[in-house]
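Have a look at the structure below, then the notes.
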Amino acid sequence: MALTVTPLSGACGAEIAGIDLARDLTDAALAEIRAALNQHGVVFFHDQAFDDETHKAIARRFGQLFIHPNFRGTGSADPEIVWVKREPHDPSVVGEQWHADTTMCAAPPMGALLHGIEVPPFGGDTMFAHQAAAYDALSDGMKRMLEGLRAWHTDRMVAGPNSGINARRSTKVRDGADWVETRSLHPVVRTHPETGRRMLFVNASYTTGFEGMTEAESRPLLDYLMEHSHRLDFSCRFRWRAGSLAFWDNRAVLHIALNDTGPQRRLMRRVQIAGDVPV
Ligand code: SIN
């Protein structure tokens, strides 16, 4: 079986054709997909039909599954599966800011596999931006300034009683009195463990400030980096069909779900793969 890898843009994303993931994921195919993921940051497949267990089995070929601490017990009977659900009149959707997933954890997930179950006839695209391209485009002076800098990542804006998120969207997060904030310090520039490329590693959903500085002091540089991180020439945009699958490297790309589907339903099933501590 010959896989074809077609880049979606110059910096980010490629579509892979010629494989039924549920049936044909041989070791050779796995290696080709990994290589494409390392090169493009996110890979896409169309016309994939499988159930929850097969989705998890495919993800497990790439690593151990990750259980999201804020979705646990909120809507899926299976903690290894997150249903990313948008009902027609939801004002808000999961992932509507540029972000990497779950970076408040000391070891954020390596990646995620998102499968399109019910896809609206228009809208609801997902965009991705490659953070090696973002880092490479910084000036030498800025790169020197970021060297050794670390930033705080917290989940207080996306879960817990003060986030206000559950009133606005159908995919619920933990927000009870027993919820506790998770915070981690991560390097602002991380080195990808497989490619050795340097990647910008801050995002709007989780990063609040630099180590040893107040949030107000951090804001101007953080805002600059976050704006820079999703420049159009670092990005690609994926148009979903029912049966499409996106597999992103959460260490390498940011992503955003576009909330522009009007009064239509969108339902996706997501499985995450465990990752390592960013260095
Ligand atoms: C997410 O941020 O994982 C959701 C992406 C999407 O629904 O397109």
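All residue names refer to the structure tokens as shown: chains lettered A, B, ... in order, residues numbered from 1 in each chain, ligands numbered from 1 in order.
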
(message) Show me, as a ChimeraX atom specification, the residues that have an atom within 8 Å of A:Asn250 when counting only C-alpha atoms, minus same-chain residues fewer than 2 positions from it.
(response) /A:100-101,109-112,248,252-254

Can those selected residues be exported to a file as a PDB file, in the first residue's frame so that it contains C-alpha atoms?
```pdb
ATOM      1  CA  ALA A 100      -1.642  23.791  22.315  1.00  0.00           C
ATOM      2  CA  ASP A 101      -3.587  21.250  24.351  1.00  0.00           C
ATOM      3  CA  PRO A 109       0.190  15.489  25.545  1.00  0.00           C
ATOM      4  CA  MET A 110       2.398  14.627  22.575  1.00  0.00           C
ATOM      5  CA  GLY A 111      -0.536  14.799  20.218  1.00  0.00           C
ATOM      6  CA  ALA A 112      -4.205  14.285  19.510  1.00  0.00           C
ATOM      7  CA  TRP A 248      -1.488  16.935  15.330  1.00  0.00           C
ATOM      8  CA  ALA A 252       4.983  21.471  17.304  1.00  0.00           C
ATOM      9  CA  VAL A 253       1.755  23.229  16.346  1.00  0.00           C
ATOM     10  CA  LEU A 254      -0.882  25.508  17.802  1.00  0.00           C
TER      11      LEU A 254
END
```

(request) List all protein, DNA and RNA residues that have an atom no more than 7 Å from any atom of ligand 1, counting only C-alpha atoms and all ligand atoms, and report them as a list in words. (result) Val84, Val94, Gly95, Asp101, Gly124, Asp125, Thr126, His255, Ile256, Ala257 and Met268 of chain A

Store the residues of this selection in a file with N, CA, C and O atoms, as a PDB file, in the first residue's frame.
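Produced file result-v2.pdb, reproduced below:
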```pdb
ATOM      1  N   VAL A  84     -15.993  16.292  21.494  1.00  0.00           N
ATOM      2  CA  VAL A  84     -15.948  17.737  21.237  1.00  0.00           C
ATOM      3  C   VAL A  84     -17.238  18.073  20.491  1.00  0.00           C
ATOM      4  O   VAL A  84     -17.381  17.803  19.299  1.00  0.00           O
ATOM      5  N   VAL A  94     -15.087  24.323  21.952  1.00  0.00           N
ATOM      6  CA  VAL A  94     -13.791  23.888  22.494  1.00  0.00           C
ATOM      7  C   VAL A  94     -12.687  24.407  21.570  1.00  0.00           C
ATOM      8  O   VAL A  94     -12.773  24.252  20.346  1.00  0.00           O
ATOM      9  N   GLY A  95     -11.694  25.019  22.151  1.00  0.00           N
ATOM     10  CA  GLY A  95     -10.500  25.376  21.382  1.00  0.00           C
ATOM     11  C   GLY A  95     -10.645  26.589  20.495  1.00  0.00           C
ATOM     12  O   GLY A  95     -10.040  26.647  19.428  1.00  0.00           O
ATOM     13  N   ASP A 101      -2.694  21.878  23.381  1.00  0.00           N
ATOM     14  CA  ASP A 101      -3.587  21.250  24.351  1.00  0.00           C
ATOM     15  C   ASP A 101      -2.914  21.020  25.695  1.00  0.00           C
ATOM     16  O   ASP A 101      -1.780  20.531  25.769  1.00  0.00           O
ATOM     17  N   GLY A 124     -16.667  25.607  10.745  1.00  0.00           N
ATOM     18  CA  GLY A 124     -16.105  24.629  11.684  1.00  0.00           C
ATOM     19  C   GLY A 124     -14.751  24.090  11.262  1.00  0.00           C
ATOM     20  O   GLY A 124     -14.328  23.026  11.722  1.00  0.00           O
ATOM     21  N   ASP A 125     -14.040  24.817  10.396  1.00  0.00           N
ATOM     22  CA  ASP A 125     -12.685  24.393  10.024  1.00  0.00           C
ATOM     23  C   ASP A 125     -11.765  24.490  11.251  1.00  0.00           C
ATOM     24  O   ASP A 125     -12.069  25.198  12.214  1.00  0.00           O
ATOM     25  N   THR A 126     -10.634  23.797  11.174  1.00  0.00           N
ATOM     26  CA  THR A 126      -9.605  23.935  12.210  1.00  0.00           C
ATOM     27  C   THR A 126      -8.345  24.473  11.541  1.00  0.00           C
ATOM     28  O   THR A 126      -7.980  24.017  10.454  1.00  0.00           O
ATOM     29  N   HIS A 255      -3.277  25.237  17.478  1.00  0.00           N
ATOM     30  CA  HIS A 255      -4.460  25.096  16.646  1.00  0.00           C
ATOM     31  C   HIS A 255      -5.600  25.923  17.209  1.00  0.00           C
ATOM     32  O   HIS A 255      -5.577  26.351  18.363  1.00  0.00           O
ATOM     33  N   ILE A 256      -6.599  26.143  16.359  1.00  0.00           N
ATOM     34  CA  ILE A 256      -7.789  26.900  16.762  1.00  0.00           C
ATOM     35  C   ILE A 256      -8.993  26.321  16.025  1.00  0.00           C
ATOM     36  O   ILE A 256      -8.891  25.989  14.829  1.00  0.00           O
ATOM     37  N   ALA A 257     -10.105  26.161  16.739  1.00  0.00           N
ATOM     38  CA  ALA A 257     -11.347  25.697  16.109  1.00  0.00           C
ATOM     39  C   ALA A 257     -12.164  26.935  15.761  1.00  0.00           C
ATOM     40  O   ALA A 257     -12.446  27.763  16.638  1.00  0.00           O
ATOM     41  N   MET A 268     -17.183  15.790  17.192  1.00  0.00           N
ATOM     42  CA  MET A 268     -15.886  15.173  16.921  1.00  0.00           C
ATOM     43  C   MET A 268     -15.517  14.295  18.119  1.00  0.00           C
ATOM     44  O   MET A 268     -15.873  14.600  19.264  1.00  0.00           O
TER      45      MET A 268
END
```

(message) as a list in words, please: the residues near A:Phe234 (cut-off 9 Å, only C-alpha atoms, same-chain neighbours under 4 positions excluded).
(response) Ser9, Gly10, Ala11, Cys12, Phe128, Ala129, His130, Gln131, Ala132, Ala133, Ala134, Ser229 and His230 of chain A

(request) Name the closest residue to A:Thr207 among the candidates A:Cys105, A:Leu267, A:Ala177, A:Leu232; distances are taken between atoms, counting only C-alpha atoms. (result) A:Cys105

(message) Neighbouring residues of stretch 185-192 of chain A were defined as those with any atom within 8 Å, considering only C-alpha atoms; residues of the same chain fewer than 6 positions away were excluded. Please report them as a VMD selection string.
(response) chain A and resid 106 135 146 to 153 198 to 202 211 251 to 252 278 to 279

Output the selection as a short mmCIF file (atom, residue, chain, number, x, y, z; two decimals), in the first residue's frame - N, CA, C and O atoms for each residue.
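Okay, this is what ended up in again-v8.cif:
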```cif
data_model
loop_
_atom_site.label_atom_id
_atom_site.label_comp_id
_atom_site.auth_asym_id
_atom_site.auth_seq_id
_atom_site.Cartn_x
_atom_site.Cartn_y
_atom_site.Cartn_z
N ALA A 106 2.59 19.15 33.64
CA ALA A 106 4.06 19.10 33.60
C ALA A 106 4.53 18.38 32.34
O ALA A 106 5.54 18.76 31.75
N TYR A 135 9.27 30.23 15.49
CA TYR A 135 10.56 30.50 16.15
C TYR A 135 11.60 30.96 15.12
O TYR A 135 12.29 31.96 15.34
N LEU A 146 14.81 35.28 24.53
CA LEU A 146 13.94 34.18 24.98
C LEU A 146 14.73 32.99 25.53
O LEU A 146 14.17 32.13 26.23
N GLU A 147 16.04 32.96 25.22
CA GLU A 147 16.90 31.85 25.65
C GLU A 147 16.82 31.69 27.17
O GLU A 147 17.04 32.64 27.92
N GLY A 148 16.45 30.53 27.64
CA GLY A 148 16.42 30.28 29.09
C GLY A 148 15.18 30.81 29.80
O GLY A 148 14.99 30.54 30.99
N LEU A 149 14.34 31.58 29.10
CA LEU A 149 13.13 32.12 29.74
C LEU A 149 12.09 31.02 29.90
O LEU A 149 11.91 30.19 29.00
N ARG A 150 11.40 31.04 31.06
CA ARG A 150 10.32 30.05 31.26
C ARG A 150 9.02 30.80 31.53
O ARG A 150 9.03 31.94 32.01
N ALA A 151 7.91 30.14 31.23
CA ALA A 151 6.60 30.78 31.42
C ALA A 151 5.66 29.85 32.19
O ALA A 151 5.76 28.62 32.10
N TRP A 152 4.75 30.50 32.93
CA TRP A 152 3.73 29.75 33.67
C TRP A 152 2.55 29.41 32.76
O TRP A 152 2.08 30.27 32.01
N HIS A 153 2.10 28.16 32.87
CA HIS A 153 0.90 27.71 32.17
C HIS A 153 -0.09 27.25 33.24
O HIS A 153 0.27 26.47 34.12
N ARG A 198 13.78 23.86 17.17
CA ARG A 198 13.34 24.71 18.27
C ARG A 198 11.96 25.26 17.95
O ARG A 198 11.67 25.63 16.81
N MET A 199 11.10 25.28 18.97
CA MET A 199 9.70 25.65 18.79
C MET A 199 9.30 26.68 19.84
O MET A 199 9.62 26.51 21.03
N LEU A 200 8.57 27.70 19.41
CA LEU A 200 7.96 28.62 20.36
C LEU A 200 6.90 27.84 21.15
O LEU A 200 6.17 27.03 20.56
N PHE A 201 6.82 28.08 22.47
CA PHE A 201 5.90 27.25 23.26
C PHE A 201 5.14 28.10 24.29
O PHE A 201 5.31 27.96 25.49
N VAL A 202 4.32 29.02 23.77
CA VAL A 202 3.38 29.78 24.61
C VAL A 202 2.03 29.76 23.89
O VAL A 202 2.00 29.63 22.67
N GLU A 211 8.38 33.52 34.27
CA GLU A 211 8.95 33.21 35.59
C GLU A 211 9.64 34.45 36.16
O GLU A 211 10.41 35.12 35.45
N ARG A 251 3.38 19.25 20.36
CA ARG A 251 4.64 19.89 20.73
C ARG A 251 5.05 20.90 19.67
O ARG A 251 5.85 21.78 19.91
N ALA A 252 4.49 20.73 18.47
CA ALA A 252 4.98 21.47 17.30
C ALA A 252 4.01 22.50 16.74
O ALA A 252 4.44 23.44 16.08
N PRO A 278 8.55 19.24 28.53
CA PRO A 278 9.25 20.08 27.53
C PRO A 278 10.63 20.53 28.04
O PRO A 278 10.78 20.93 29.19
N VAL A 279 11.61 20.45 27.13
CA VAL A 279 12.96 20.94 27.47
C VAL A 279 13.43 21.87 26.37
O VAL A 279 12.96 21.77 25.23
#
```

(request) Run DSSP on the backbone and grab whatever in stretch 152-278 of chain A lands in strand (DSSP E or B); send it over as a ChimeraX atom specification. (result) /A:152-154,183-187,189-191,198-200,207-210,235-238,245-249,253-257,266-273

Write the residues of the selection above to a file with C-alpha atoms, as an mmCIF file, in the first residue's frame.
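File written: part.cif
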```cif
data_model
loop_
_atom_site.group_PDB
_atom_site.id
_atom_site.type_symbol
_atom_site.label_atom_id
_atom_site.label_comp_id
_atom_site.auth_asym_id
_atom_site.auth_seq_id
_atom_site.Cartn_x
_atom_site.Cartn_y
_atom_site.Cartn_z
ATOM 1 C CA TRP A 152 3.727 29.755 33.672
ATOM 2 C CA HIS A 153 0.898 27.706 32.167
ATOM 3 C CA THR A 154 -2.353 27.349 34.136
ATOM 4 C CA ARG A 183 0.172 25.063 36.945
ATOM 5 C CA SER A 184 3.498 24.268 35.344
ATOM 6 C CA LEU A 185 6.564 26.206 34.291
ATOM 7 C CA HIS A 186 7.704 25.474 30.733
ATOM 8 C CA PRO A 187 10.517 26.821 28.564
ATOM 9 C CA VAL A 189 11.285 27.838 23.464
ATOM 10 C CA ARG A 190 11.296 24.046 23.526
ATOM 11 C CA THR A 191 13.375 21.602 21.525
ATOM 12 C CA ARG A 198 13.342 24.705 18.273
ATOM 13 C CA MET A 199 9.695 25.648 18.790
ATOM 14 C CA LEU A 200 7.960 28.622 20.363
ATOM 15 C CA THR A 207 0.171 30.869 29.363
ATOM 16 C CA THR A 208 -0.123 33.742 31.831
ATOM 17 C CA GLY A 209 3.345 35.137 32.497
ATOM 18 C CA PHE A 210 7.093 34.694 32.656
ATOM 19 C CA SER A 235 -0.420 28.136 9.201
ATOM 20 C CA CYS A 236 -2.828 25.903 7.311
ATOM 21 C CA ARG A 237 -6.596 25.523 7.394
ATOM 22 C CA PHE A 238 -8.355 22.160 7.348
ATOM 23 C CA LEU A 245 -9.123 12.604 10.926
ATOM 24 C CA ALA A 246 -6.599 15.232 12.040
ATOM 25 C CA PHE A 247 -3.517 14.047 13.934
ATOM 26 C CA TRP A 248 -1.488 16.935 15.330
ATOM 27 C CA ASP A 249 1.834 17.040 17.102
ATOM 28 C CA VAL A 253 1.755 23.229 16.346
ATOM 29 C CA LEU A 254 -0.882 25.508 17.802
ATOM 30 C CA HIS A 255 -4.460 25.096 16.646
ATOM 31 C CA ILE A 256 -7.789 26.900 16.762
ATOM 32 C CA ALA A 257 -11.347 25.697 16.109
ATOM 33 C CA ARG A 266 -20.616 19.616 14.932
ATOM 34 C CA LEU A 267 -19.439 16.475 16.722
ATOM 35 C CA MET A 268 -15.886 15.173 16.921
ATOM 36 C CA ARG A 269 -14.261 12.387 18.923
ATOM 37 C CA ARG A 270 -10.816 13.112 20.347
ATOM 38 C CA VAL A 271 -8.153 10.841 21.795
ATOM 39 C CA GLN A 272 -4.889 12.272 23.162
ATOM 40 C CA ILE A 273 -1.452 10.671 23.369
#
```

(request) Could you please determine the separation between atom CA of A:Asp136 and atom CA of A:Thr102 in Å, to one decimal place? (result)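 Value for the atom CA of A:Asp136-atom CA of A:Thr102 distance: 24.1 Å.
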
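Reported to one decimal place, the separation of atom CA of A:Ala22 from atom CA of A:Ala49 is 7.6 Å.
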
(message) List the spatial neighbours of stretch 62-73 of chain A as a PyMOL selection string - criterion: any atom at most 7 Å away, only C-alpha atoms, same-chain residues fewer than 6 positions off excluded.
(response) chain A and resi 79-80+82+109+159+172-174+272-274

(request) Run DSSP on the backbone and grab whatever in stretch 80-209 of chain A lands in alpha helix (DSSP H); send it over as a ChimeraX atom specification. (result) /A:131-136,140-146

Written selection (all heavy atoms) as a short mmCIF file (atom, residue, chain, number, x, y, z; two decimals), in the first residue's frame:
```
data_model
loop_
_atom_site.label_atom_id
_atom_site.label_comp_id
_atom_site.auth_asym_id
_atom_site.auth_seq_id
_atom_site.Cartn_x
_atom_site.Cartn_y
_atom_site.Cartn_z
N GLN A 131 5.07 25.94 15.08
CA GLN A 131 5.83 26.76 16.02
C GLN A 131 7.34 26.72 15.78
O GLN A 131 8.08 27.51 16.39
CB GLN A 131 5.46 26.39 17.45
CG GLN A 131 4.01 26.70 17.77
CD GLN A 131 3.62 28.12 17.38
OE1 GLN A 131 4.03 29.07 18.03
NE2 GLN A 131 2.85 28.30 16.30
N ALA A 132 7.81 25.84 14.89
CA ALA A 132 9.21 25.93 14.47
C ALA A 132 9.34 27.08 13.47
O ALA A 132 10.30 27.86 13.53
CB ALA A 132 9.68 24.63 13.85
N ALA A 133 8.35 27.21 12.58
CA ALA A 133 8.35 28.34 11.64
C ALA A 133 8.25 29.65 12.41
O ALA A 133 8.93 30.63 12.08
CB ALA A 133 7.19 28.20 10.66
N ALA A 134 7.42 29.66 13.46
CA ALA A 134 7.27 30.88 14.27
C ALA A 134 8.60 31.23 14.94
O ALA A 134 9.01 32.40 14.96
CB ALA A 134 6.17 30.67 15.32
N TYR A 135 9.27 30.23 15.49
CA TYR A 135 10.56 30.50 16.15
C TYR A 135 11.60 30.96 15.12
O TYR A 135 12.29 31.96 15.34
CB TYR A 135 11.06 29.25 16.88
CG TYR A 135 12.43 29.46 17.47
CD1 TYR A 135 12.58 30.20 18.64
CD2 TYR A 135 13.57 28.97 16.84
CE1 TYR A 135 13.84 30.44 19.18
CE2 TYR A 135 14.84 29.21 17.37
CZ TYR A 135 14.96 29.94 18.54
OH TYR A 135 16.21 30.19 19.05
N ASP A 136 11.69 30.25 14.00
CA ASP A 136 12.70 30.58 12.98
C ASP A 136 12.56 32.02 12.50
O ASP A 136 13.55 32.65 12.14
CB ASP A 136 12.57 29.64 11.77
CG ASP A 136 12.99 28.21 12.10
OD1 ASP A 136 13.62 28.00 13.16
OD2 ASP A 136 12.68 27.31 11.30
N ASP A 140 17.37 37.46 15.63
CA ASP A 140 18.39 36.88 16.51
C ASP A 140 18.33 37.51 17.90
O ASP A 140 18.53 36.85 18.92
CB ASP A 140 19.79 37.09 15.90
CG ASP A 140 19.98 36.22 14.67
OD1 ASP A 140 19.18 35.28 14.48
OD2 ASP A 140 20.91 36.50 13.89
N GLY A 141 18.03 38.82 17.93
CA GLY A 141 17.93 39.52 19.23
C GLY A 141 16.81 38.94 20.08
O GLY A 141 16.99 38.70 21.28
N MET A 142 15.67 38.72 19.46
CA MET A 142 14.53 38.15 20.21
C MET A 142 14.84 36.73 20.65
O MET A 142 14.55 36.33 21.78
CB MET A 142 13.26 38.20 19.35
CG MET A 142 12.04 37.61 20.03
SD MET A 142 11.54 38.47 21.55
CE MET A 142 10.45 39.72 20.86
N LYS A 143 15.47 35.96 19.75
CA LYS A 143 15.83 34.58 20.12
C LYS A 143 16.75 34.59 21.34
O LYS A 143 16.59 33.78 22.26
CB LYS A 143 16.50 33.87 18.94
CG LYS A 143 15.54 33.48 17.84
CD LYS A 143 16.31 32.86 16.68
CE LYS A 143 15.39 32.51 15.54
NZ LYS A 143 16.05 32.35 14.26
N ARG A 144 17.71 35.52 21.35
CA ARG A 144 18.64 35.59 22.51
C ARG A 144 17.87 35.94 23.77
O ARG A 144 18.12 35.39 24.85
CB ARG A 144 19.72 36.66 22.24
CG ARG A 144 20.95 36.10 21.53
CD ARG A 144 22.13 37.07 21.63
NE ARG A 144 21.83 38.39 21.07
CZ ARG A 144 21.91 38.69 19.77
NH1 ARG A 144 22.27 37.78 18.89
NH2 ARG A 144 21.62 39.90 19.34
N MET A 145 16.91 36.87 23.66
CA MET A 145 16.16 37.29 24.85
C MET A 145 15.32 36.13 25.41
O MET A 145 15.14 36.01 26.62
CB MET A 145 15.25 38.46 24.48
CG MET A 145 14.66 39.16 25.67
SD MET A 145 14.06 40.76 25.21
CE MET A 145 12.49 40.33 24.56
N LEU A 146 14.81 35.28 24.53
CA LEU A 146 13.94 34.18 24.98
C LEU A 146 14.73 32.99 25.53
O LEU A 146 14.17 32.13 26.23
CB LEU A 146 13.05 33.70 23.83
CG LEU A 146 12.10 34.74 23.23
CD1 LEU A 146 11.24 34.09 22.15
CD2 LEU A 146 11.21 35.38 24.30
#
```

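Taking atom CA of A:Arg231 and atom CA of A:Leu138 as the two end points, the separation is 11.7 Å.
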